[in-house]
Structures are given as C-alpha cells and as structure tokens.
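Report on one structure; see the data block that follows.
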Amino acid sequence: VFALGGEPRVADFVHGSDGLGNLSLPAPTTKKVEESAAEFMVNKVSQFPGEISVLALGPLTNVALAIKRDSSFASKVKKIVVLGGAFFAAGNVNPAAEANIYGDPDAADVVFTSGADIDVVGINITTQCCFTDEDLLELKNSKGVHTQFLCDMCKFYRDWHEKSDGFQGIL
C-alpha cells in the first residue's frame, strides 16, 4: 500500500512479506493488468454506476486515489464498506488508532469526506469475531477446494496473534 504520495507500507510482521503469510507462491502466469487499482475502480464504477460496492480491507489509499481521479466517483459508487477505525474501543496500533486508518490517514480523510455512502466496520466489531484454533482445524479438515491455502495463509496471522496478545486463534 502506498500512502498518498509516500513509500509503500507493509505490515509484514502481521501478514508476512507477501501479505499472505509468507506462502512463497509461484509467480502469476497471467498477464499483468496495466491500469492501477484506482483506474480500475473508476472505470468499473463509471461503467456500472450505482451497481458497484467497494470492500476496503486495508488502508484507503486506492479508494482515495479513485476519488481524486474522478470527482463523480463518490456519487457513482453504490457503497464503500471499510474495515477500519476504532470506535469506543482501543486501537491496535496505539490506544487511539486502528491499523488500516493509521496506515494512510490522509486517504481516510479523502474517503470519509467524499460524500460516498460508507459503512464502517471498526475494531470494536471485528475483535468480537474470533476464529479459534478449533475453527482452523475444522476448516483444515473440511473438503473445500481452497481450504489448505486458507489454513496455510492463516497460520502466520494466527501465530502473530498468539505472540502479540496471547490469543490462540485469529481476532
């Protein structure tokens, strides 16, 4: 993630250097998309106005860049759902800040003041949802096509939770 005009910020101590728990996946075999994430969002929202919702699971940099790129983006996007913020709860970066908002506060300001229809799911909600070691084992033993990949990806994050807050599972 690039802060608006800054260097990439990677929470590798939480998510691994690849963002997927250090899985060392092979390089993609598909052709690289030439447009940026912001360009892609602007193009799709313009193509399908009022039909596209954006689910933002990290810092809001790319959403803010889309808003800055196209002044009508906020009115054309159906909804922006943000995983971020700390409301009536302590943050996970410091007592007042949650990582996704802290990661690019300027972008958060652009998004939250854009006039778009926004739902925010803060840390006060997400920390009530626990994925225990028992849940991880049940997932691993299920017959889903991608369950092994998900379990491998979750291991790094689960281990970080145990080291950082003593919780055996994922919050």
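We name chains A, B, ... following the order of the structure tokens; residues begin at 1 in each chain, and ligands are numbered from 1 as shown.
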
Taking 4 positions as the minimum chain separation for residues in the same chain, which residues sit within 9 Å of Glu134 in chain A when counting only C-alpha atoms? Answer as a CSV table (one decimal) with C-alpha atoms, in the first residue's frame.
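The result, stored in result.csv:
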chain,number,residue,atom,x,y,z
A,138,GLU,CA,-12.4,-27.7,11.3
A,139,LEU,CA,-11.6,-25.6,8.2
A,169,GLY,CA,-6.6,-18.1,17.1

For the structure I just gave you, how does DSSP split chain A - specifically, which residues are alpha helix (DSSP H)? Reply as a compact mmCIF listing (two decimals) with N, CA and C atoms, in the first residue's frame.
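And here is the file that came out, states_24.txt:
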# COMPACT_ATOMS: atom_id res chain seq x y z
N ASP A 12 4.46 -6.51 7.39
CA ASP A 12 4.95 -7.87 7.20
C ASP A 12 5.04 -8.65 8.49
N PHE A 13 5.16 -7.98 9.61
CA PHE A 13 5.21 -8.67 10.90
C PHE A 13 3.85 -9.26 11.27
N VAL A 14 2.79 -8.80 10.63
CA VAL A 14 1.44 -9.30 10.88
C VAL A 14 1.00 -10.25 9.78
N HIS A 15 1.22 -9.87 8.52
CA HIS A 15 0.68 -10.61 7.38
C HIS A 15 1.73 -11.33 6.55
N ALA A 37 -5.08 0.20 -9.52
CA ALA A 37 -6.30 -0.15 -8.79
C ALA A 37 -7.30 1.00 -8.83
N ALA A 38 -6.81 2.22 -8.67
CA ALA A 38 -7.69 3.39 -8.71
C ALA A 38 -8.33 3.54 -10.08
N GLU A 39 -7.54 3.38 -11.14
CA GLU A 39 -8.09 3.47 -12.50
C GLU A 39 -9.14 2.39 -12.73
N PHE A 40 -8.84 1.18 -12.27
CA PHE A 40 -9.79 0.07 -12.42
C PHE A 40 -11.11 0.39 -11.74
N MET A 41 -11.04 0.88 -10.49
CA MET A 41 -12.28 1.21 -9.77
C MET A 41 -13.05 2.31 -10.48
N VAL A 42 -12.37 3.35 -10.91
CA VAL A 42 -13.04 4.45 -11.61
C VAL A 42 -13.71 3.93 -12.88
N ASN A 43 -13.01 3.11 -13.65
CA ASN A 43 -13.57 2.58 -14.89
C ASN A 43 -14.80 1.71 -14.64
N LYS A 44 -14.72 0.82 -13.66
CA LYS A 44 -15.85 -0.08 -13.38
C LYS A 44 -17.04 0.68 -12.81
N VAL A 45 -16.80 1.62 -11.91
CA VAL A 45 -17.89 2.40 -11.33
C VAL A 45 -18.53 3.29 -12.39
N SER A 46 -17.75 3.79 -13.33
CA SER A 46 -18.30 4.58 -14.44
C SER A 46 -19.10 3.70 -15.40
N GLN A 47 -18.62 2.49 -15.60
CA GLN A 47 -19.30 1.55 -16.50
C GLN A 47 -20.61 1.05 -15.90
N THR A 61 -5.93 4.04 0.58
CA THR A 61 -5.15 4.74 -0.44
C THR A 61 -5.76 4.65 -1.83
N ASN A 62 -6.02 3.44 -2.30
CA ASN A 62 -6.52 3.28 -3.67
C ASN A 62 -7.92 3.86 -3.85
N VAL A 63 -8.75 3.76 -2.82
CA VAL A 63 -10.09 4.35 -2.91
C VAL A 63 -9.98 5.87 -2.98
N ALA A 64 -9.09 6.44 -2.16
CA ALA A 64 -8.89 7.90 -2.19
C ALA A 64 -8.34 8.34 -3.55
N LEU A 65 -7.43 7.57 -4.11
CA LEU A 65 -6.90 7.92 -5.43
C LEU A 65 -7.99 7.86 -6.50
N ALA A 66 -8.92 6.92 -6.37
CA ALA A 66 -10.05 6.86 -7.31
C ALA A 66 -10.92 8.10 -7.18
N ILE A 67 -11.17 8.53 -5.96
CA ILE A 67 -11.98 9.73 -5.71
C ILE A 67 -11.28 10.96 -6.28
N LYS A 68 -9.97 11.04 -6.09
CA LYS A 68 -9.21 12.19 -6.61
C LYS A 68 -9.14 12.16 -8.14
N ARG A 69 -9.11 10.98 -8.71
CA ARG A 69 -9.03 10.82 -10.17
C ARG A 69 -10.33 11.23 -10.85
N PHE A 73 -16.80 9.88 -8.74
CA PHE A 73 -16.69 8.52 -8.21
C PHE A 73 -17.57 8.31 -6.98
N ALA A 74 -17.53 9.24 -6.04
CA ALA A 74 -18.28 9.09 -4.78
C ALA A 74 -19.78 9.00 -5.02
N SER A 75 -20.28 9.67 -6.03
CA SER A 75 -21.72 9.62 -6.31
C SER A 75 -22.09 8.42 -7.18
N LYS A 76 -21.13 7.85 -7.88
CA LYS A 76 -21.40 6.70 -8.75
C LYS A 76 -21.24 5.35 -8.04
N ALA A 99 -5.06 0.09 12.59
CA ALA A 99 -4.01 -0.01 11.57
C ALA A 99 -4.42 0.45 10.17
N ASN A 100 -5.60 0.13 9.72
CA ASN A 100 -5.97 0.48 8.34
C ASN A 100 -6.17 1.98 8.16
N ILE A 101 -6.66 2.66 9.16
CA ILE A 101 -6.81 4.11 9.09
C ILE A 101 -5.46 4.78 9.35
N TYR A 102 -4.73 4.28 10.33
CA TYR A 102 -3.40 4.79 10.66
C TYR A 102 -2.45 4.66 9.47
N PRO A 105 -3.82 7.99 6.91
CA PRO A 105 -4.88 8.87 7.43
C PRO A 105 -5.33 9.93 6.43
N ASP A 106 -4.44 10.38 5.55
CA ASP A 106 -4.85 11.35 4.53
C ASP A 106 -5.86 10.73 3.57
N ALA A 107 -5.62 9.49 3.19
CA ALA A 107 -6.57 8.79 2.31
C ALA A 107 -7.91 8.61 3.03
N ALA A 108 -7.86 8.25 4.30
CA ALA A 108 -9.10 8.08 5.07
C ALA A 108 -9.90 9.38 5.08
N ASP A 109 -9.22 10.50 5.24
CA ASP A 109 -9.89 11.79 5.22
C ASP A 109 -10.57 12.04 3.87
N VAL A 110 -9.87 11.75 2.79
CA VAL A 110 -10.45 11.93 1.45
C VAL A 110 -11.71 11.08 1.30
N VAL A 111 -11.63 9.83 1.71
CA VAL A 111 -12.76 8.91 1.55
C VAL A 111 -13.93 9.33 2.43
N PHE A 112 -13.66 9.59 3.71
CA PHE A 112 -14.75 9.88 4.65
C PHE A 112 -15.41 11.23 4.40
N ILE A 123 -12.74 -1.84 14.67
CA ILE A 123 -12.11 -2.85 15.51
C ILE A 123 -12.99 -3.25 16.70
N ASN A 124 -13.88 -2.35 17.09
CA ASN A 124 -14.82 -2.67 18.15
C ASN A 124 -15.77 -3.79 17.73
N ILE A 125 -15.98 -3.98 16.44
CA ILE A 125 -16.81 -5.07 15.92
C ILE A 125 -15.94 -6.27 15.57
N THR A 126 -14.85 -6.05 14.85
CA THR A 126 -14.05 -7.17 14.36
C THR A 126 -13.43 -7.99 15.47
N ASP A 133 -8.50 -21.85 17.27
CA ASP A 133 -7.73 -22.97 16.73
C ASP A 133 -8.65 -24.12 16.35
N GLU A 134 -9.71 -24.31 17.12
CA GLU A 134 -10.69 -25.35 16.79
C GLU A 134 -11.36 -25.04 15.44
N ASP A 135 -11.69 -23.78 15.21
CA ASP A 135 -12.27 -23.38 13.92
C ASP A 135 -11.28 -23.63 12.78
N LEU A 136 -10.01 -23.30 13.01
CA LEU A 136 -8.99 -23.53 11.98
C LEU A 136 -8.84 -25.01 11.66
N LEU A 137 -8.89 -25.86 12.69
CA LEU A 137 -8.80 -27.30 12.49
C LEU A 137 -10.01 -27.81 11.70
N GLU A 138 -11.19 -27.30 12.05
CA GLU A 138 -12.40 -27.69 11.31
C GLU A 138 -12.29 -27.28 9.84
N LEU A 139 -11.77 -26.09 9.60
CA LEU A 139 -11.56 -25.64 8.22
C LEU A 139 -10.58 -26.55 7.50
N LYS A 140 -9.48 -26.88 8.17
CA LYS A 140 -8.45 -27.72 7.57
C LYS A 140 -9.01 -29.10 7.20
N ASN A 141 -9.90 -29.62 8.03
CA ASN A 141 -10.47 -30.95 7.80
C ASN A 141 -11.66 -30.95 6.85
N THR A 147 -9.32 -24.82 1.02
CA THR A 147 -9.15 -24.79 2.47
C THR A 147 -7.69 -24.90 2.90
N GLN A 148 -6.89 -25.70 2.23
CA GLN A 148 -5.48 -25.82 2.62
C GLN A 148 -4.76 -24.49 2.43
N PHE A 149 -5.05 -23.81 1.31
CA PHE A 149 -4.47 -22.49 1.06
C PHE A 149 -4.88 -21.52 2.17
N LEU A 150 -6.16 -21.50 2.52
CA LEU A 150 -6.64 -20.60 3.57
C LEU A 150 -5.98 -20.91 4.91
N CYS A 151 -5.87 -22.18 5.24
CA CYS A 151 -5.23 -22.56 6.51
C CYS A 151 -3.76 -22.16 6.53
N ASP A 152 -3.06 -22.40 5.43
CA ASP A 152 -1.66 -22.00 5.36
C ASP A 152 -1.52 -20.48 5.50
N MET A 153 -2.40 -19.76 4.84
CA MET A 153 -2.38 -18.30 4.89
C MET A 153 -2.66 -17.80 6.31
N CYS A 154 -3.57 -18.46 7.01
CA CYS A 154 -3.96 -18.02 8.35
C CYS A 154 -2.91 -18.32 9.42
N LYS A 155 -2.03 -19.29 9.18
CA LYS A 155 -1.07 -19.69 10.21
C LYS A 155 -0.20 -18.53 10.69
N PHE A 156 0.36 -17.76 9.77
CA PHE A 156 1.23 -16.64 10.13
C PHE A 156 0.47 -15.62 10.98
N TYR A 157 -0.74 -15.29 10.54
CA TYR A 157 -1.58 -14.31 11.25
C TYR A 157 -1.97 -14.84 12.62
N ARG A 158 -2.29 -16.12 12.71
CA ARG A 158 -2.65 -16.75 13.98
C ARG A 158 -1.45 -16.69 14.93
N ASP A 159 -0.27 -17.03 14.43
CA ASP A 159 0.93 -17.01 15.27
C ASP A 159 1.23 -15.59 15.76
N TRP A 160 0.99 -14.59 14.91
CA TRP A 160 1.17 -13.20 15.33
C TRP A 160 0.22 -12.85 16.47
N HIS A 161 -1.02 -13.28 16.39
CA HIS A 161 -1.98 -13.01 17.47
C HIS A 161 -1.52 -13.65 18.78
N GLU A 162 -1.00 -14.86 18.71
CA GLU A 162 -0.54 -15.51 19.93
C GLU A 162 0.64 -14.74 20.53
N LYS A 163 1.58 -14.30 19.69
CA LYS A 163 2.73 -13.54 20.18
C LYS A 163 2.33 -12.17 20.71
N SER A 164 1.43 -11.50 20.01
CA SER A 164 1.13 -10.11 20.37
C SER A 164 0.13 -9.97 21.50
N ASP A 165 -0.88 -10.84 21.54
CA ASP A 165 -1.89 -10.66 22.59
C ASP A 165 -2.26 -11.94 23.32

**Request:** Would you please work out which residue, of A:Ile170, A:Leu25, A:Leu57, A:Ile118, is nearest to Leu83 in chain A when using only C-alpha atoms?
**Result:**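 The answer is A:Leu57, which sits nearest to Leu83 in chain A.
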
**Request:** Identify, with DSSP run on backbone atoms, the residues in chain A assigned to strand (DSSP E or B), and express the list as number ranges by chain.
**Result:** A: 2, 8, 53-56, 79-83, 94, 97, 118-121, 131-132, 169-170

**Item:** Residue nearest Ala116 in chain A among A:Ser53, A:Leu171, A:Phe48, A:Leu23 (counting only C-alpha atoms)
**Value:**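 Among the listed residues, the smallest separation from Ala116 in chain A belongs to A:Ser53.
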